[in-house]
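Text of entry03.json (JSON, C-alpha atoms) as supplied:
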```
[["chain", "number", "residue", "atom", "x", "y", "z"],
["A", 1, "MET", "CA", 94.61, 66.22, 108.12],
["A", 2, "SER", "CA", 97.15, 68.24, 106.16],
["A", 3, "ARG", "CA", 100.41, 69.46, 107.66],
["A", 4, "PHE", "CA", 99.05, 73.01, 107.45],
["A", 5, "ASP", "CA", 95.97, 72.02, 109.46],
["A", 6, "GLN", "CA", 98.16, 70.23, 111.99],
["A", 7, "ALA", "CA", 100.39, 73.26, 112.41],
["A", 8, "LYS", "CA", 97.37, 75.55, 112.73],
["A", 9, "MET", "CA", 95.81, 73.31, 115.37],
["A", 10, "LEU", "CA", 99.06, 73.09, 117.34],
["A", 11, "MET", "CA", 99.27, 76.88, 117.34],
["A", 12, "GLN", "CA", 95.73, 77.04, 118.70],
["A", 13, "VAL", "CA", 96.60, 74.51, 121.42],
["A", 14, "LYS", "CA", 99.66, 76.58, 122.42],
["A", 15, "LYS", "CA", 97.45, 79.66, 122.57],
["A", 16, "VAL", "CA", 95.07, 77.87, 124.96],
["A", 17, "GLN", "CA", 98.03, 76.74, 127.06],
["A", 18, "LYS", "CA", 99.22, 80.36, 127.34],
["A", 19, "GLU", "CA", 95.70, 81.41, 128.36],
["A", 20, "LEU", "CA", 95.76, 78.76, 131.09],
["A", 21, "GLN", "CA", 99.13, 80.05, 132.30],
["A", 22, "LYS", "CA", 97.66, 83.53, 132.72],
["A", 23, "LEU", "CA", 94.37, 82.36, 134.26],
["A", 24, "THR", "CA", 93.96, 82.76, 138.02],
["A", 25, "ILE", "CA", 91.28, 80.81, 139.86],
["A", 26, "THR", "CA", 90.34, 81.91, 143.37],
["A", 27, "VAL", "CA", 88.54, 79.60, 145.79],
["A", 28, "GLU", "CA", 87.40, 80.36, 149.34],
["A", 29, "GLN", "CA", 86.56, 78.12, 152.28],
["A", 30, "GLY", "CA", 85.31, 78.84, 155.78],
["A", 31, "ASP", "CA", 83.29, 81.89, 154.72],
["A", 32, "GLY", "CA", 86.45, 83.57, 153.43],
["A", 33, "ALA", "CA", 88.77, 82.42, 156.22],
["A", 34, "VAL", "CA", 90.95, 80.69, 153.62],
["A", 35, "ARG", "CA", 91.48, 81.83, 150.05],
["A", 36, "VAL", "CA", 93.60, 79.94, 147.52],
["A", 37, "GLU", "CA", 94.71, 81.34, 144.17],
["A", 38, "ILE", "CA", 95.85, 78.84, 141.54],
["A", 39, "THR", "CA", 96.75, 79.15, 137.87],
["A", 40, "GLY", "CA", 95.12, 77.26, 135.04],
["A", 41, "GLU", "CA", 98.25, 75.11, 135.09],
["A", 42, "GLN", "CA", 97.47, 74.09, 138.68],
["A", 43, "LYS", "CA", 100.32, 76.05, 140.20],
["A", 44, "ILE", "CA", 99.43, 77.61, 143.54],
["A", 45, "LYS", "CA", 100.02, 81.36, 143.44],
["A", 46, "LYS", "CA", 98.88, 82.29, 146.92],
["A", 47, "VAL", "CA", 97.25, 80.97, 150.07],
["A", 48, "HIS", "CA", 95.66, 83.66, 152.22],
["A", 49, "ILE", "CA", 94.38, 83.08, 155.75],
["A", 50, "ASP", "CA", 92.24, 85.75, 157.37],
["A", 51, "PRO", "CA", 93.24, 85.68, 161.06],
["A", 52, "THR", "CA", 90.01, 87.39, 162.09],
["A", 53, "ARG", "CA", 87.98, 84.45, 160.79],
["A", 54, "ILE", "CA", 89.85, 81.53, 162.29],
["A", 55, "ASP", "CA", 89.81, 79.93, 165.72],
["A", 56, "VAL", "CA", 93.40, 79.25, 166.74],
["A", 57, "GLU", "CA", 92.07, 76.68, 169.19],
["A", 58, "ASP", "CA", 90.71, 74.64, 166.28],
["A", 59, "ILE", "CA", 93.63, 74.20, 163.90],
["A", 60, "THR", "CA", 92.02, 71.02, 162.54],
["A", 61, "GLU", "CA", 89.24, 73.13, 161.05],
["A", 62, "LEU", "CA", 91.76, 75.49, 159.44],
["A", 63, "GLU", "CA", 93.69, 72.54, 158.00],
["A", 64, "ARG", "CA", 90.47, 71.12, 156.54],
["A", 65, "TRP", "CA", 89.59, 74.49, 154.98],
["A", 66, "ILE", "CA", 93.04, 74.71, 153.38],
["A", 67, "GLU", "CA", 92.83, 71.15, 152.05],
["A", 68, "ASP", "CA", 89.31, 71.72, 150.71],
["A", 69, "ALA", "CA", 90.26, 75.04, 149.10],
["A", 70, "VAL", "CA", 93.27, 73.49, 147.34],
["A", 71, "LYS", "CA", 91.21, 70.50, 146.16],
["A", 72, "ASP", "CA", 88.42, 72.78, 144.91],
["A", 73, "ALA", "CA", 90.92, 75.03, 143.11],
["A", 74, "ILE", "CA", 92.60, 72.07, 141.41],
["A", 75, "ASN", "CA", 89.24, 70.61, 140.40],
["A", 76, "GLU", "CA", 88.13, 73.97, 138.97],
["A", 77, "SER", "CA", 91.38, 74.43, 137.04],
["A", 78, "GLN", "CA", 91.06, 70.90, 135.63],
["A", 79, "ARG", "CA", 87.47, 71.58, 134.61],
["A", 80, "ILE", "CA", 88.40, 74.82, 132.86],
["A", 81, "ALA", "CA", 91.42, 73.25, 131.12],
["A", 82, "ALA", "CA", 89.33, 70.30, 129.92],
["A", 83, "GLU", "CA", 86.64, 72.67, 128.66],
["A", 84, "LYS", "CA", 89.17, 74.77, 126.74],
["A", 85, "MET", "CA", 90.99, 71.74, 125.33],
["A", 86, "GLN", "CA", 87.84, 69.76, 124.40],
["A", 87, "PRO", "CA", 87.70, 70.99, 120.79],
["A", 88, "PHE", "CA", 91.23, 69.67, 120.20],
["A", 89, "MET", "CA", 91.04, 66.26, 121.89],
["A", 90, "GLY", "CA", 90.00, 64.26, 118.84],
["A", 91, "MET", "CA", 92.50, 66.00, 116.62],
["A", 92, "LEU", "CA", 95.39, 65.49, 119.05],
["A", 93, "GLY", "CA", 94.76, 61.75, 118.98],
["A", 94, "ASN", "CA", 95.29, 61.84, 115.23],
["A", 95, "LEU", "CA", 98.70, 63.43, 115.80],
["A", 96, "GLY", "CA", 99.81, 60.68, 118.15],
["A", 97, "MET", "CA", 99.50, 62.85, 121.28]]
```

Target format structure tokens, applied to this file:
Amino acid sequence: MSRFDQAKMLMQVKKVQKELQKLTITVEQGDGAVRVEITGEQKIKKVHIDPTRIDVEDITELERWIEDAVKDAINESQRIAAEKMQPFMGMLGNLGM
């Protein structure tokens, strides 16, 4: 791979990284009682809890919904990042990355 091709590919990778920074993934649990927003970089932007949909007597359920929503959001962001980076994986290995 020529230096030009390497530079071009690295620019494309940086472009994908910027897209992931701007991407927001929203996941809900408990029929909308909990909503988590996370970036494509797996940074949590917001956790929203709808008080009309939770039972304050059952905090364990709310905790489980929050945990599940965060896990689902992270899994989805990882899936999207892997999908976007897939075309570059073989080439990055050739660059020692």

Checklist entry - So which one's closest to Gln42 in chain A, A:Arg3, A:Thr24, A:Glu19, A:Glu83? Using all atoms listed in the file, please. => result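 Between A:Arg3, A:Thr24, A:Glu19, A:Glu83, the residue approaching Gln42 in chain A most closely is A:Thr24.
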
Checklist entry - Between A:Ala33, A:Leu62, A:Ile25, A:Met9, which is the closest to Asp50 in chain A once you count all atoms listed in the file? => result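 With all atoms listed in the file as the atom set, the closest residue is A:Ala33.
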
Checklist entry - From the set A:Glu41, A:Ser2, A:Val34, A:Met11, which residue has the shortest atom-to-atom contact distance to Ala82 in chain A, counting all atoms listed in the file? => result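 Ranked by minimum distance to Ala82 in chain A, first place goes to A:Glu41.
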
Item to check | For Gly40 in chain A: contacts at 12 Å, all atoms listed in the file, fewer than 3 positions along chain excluded, given as a PyMOL selection string | outcome: chain A and resi 16-26+37+43-45+73-85

Next on the checklist: Please compute the CA of Asp55 in chain A-CA of Gln29 in chain A distance, one decimal, in Å.
Outcome noted: 13.9 Å

Next on the checklist: Could you tell me how far CA of Lys15 in chain A sits from CA of Glu28 in chain A, in Å to one decimal place?
Outcome noted: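 Interatomic distance, CA of Glu28 in chain A to CA of Lys15 in chain A: 28.6 Å.
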
Checklist outcome for this item: Between CA of Lys46 in chain A and CA of Lys14 in chain A lies a distance of 25.2 Å

Adding 4 Å on each side of the box along x, y and z that holds all listed atoms of range 15-28 of chain A, could you give its centre and edge lengths in Å to one decimal, as AutoDock Vina command-line options?
```
--center_x 93.3 --center_y 80.1 --center_z 136.0 --size_x 19.8 --size_y 14.8 --size_z 34.8
```

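Shortest atom-to-atom contact with Glu63 in chain A among A:Ala7, A:Val13, A:Ile49, A:Met89: A:Ile49, counting all atoms listed in the file.
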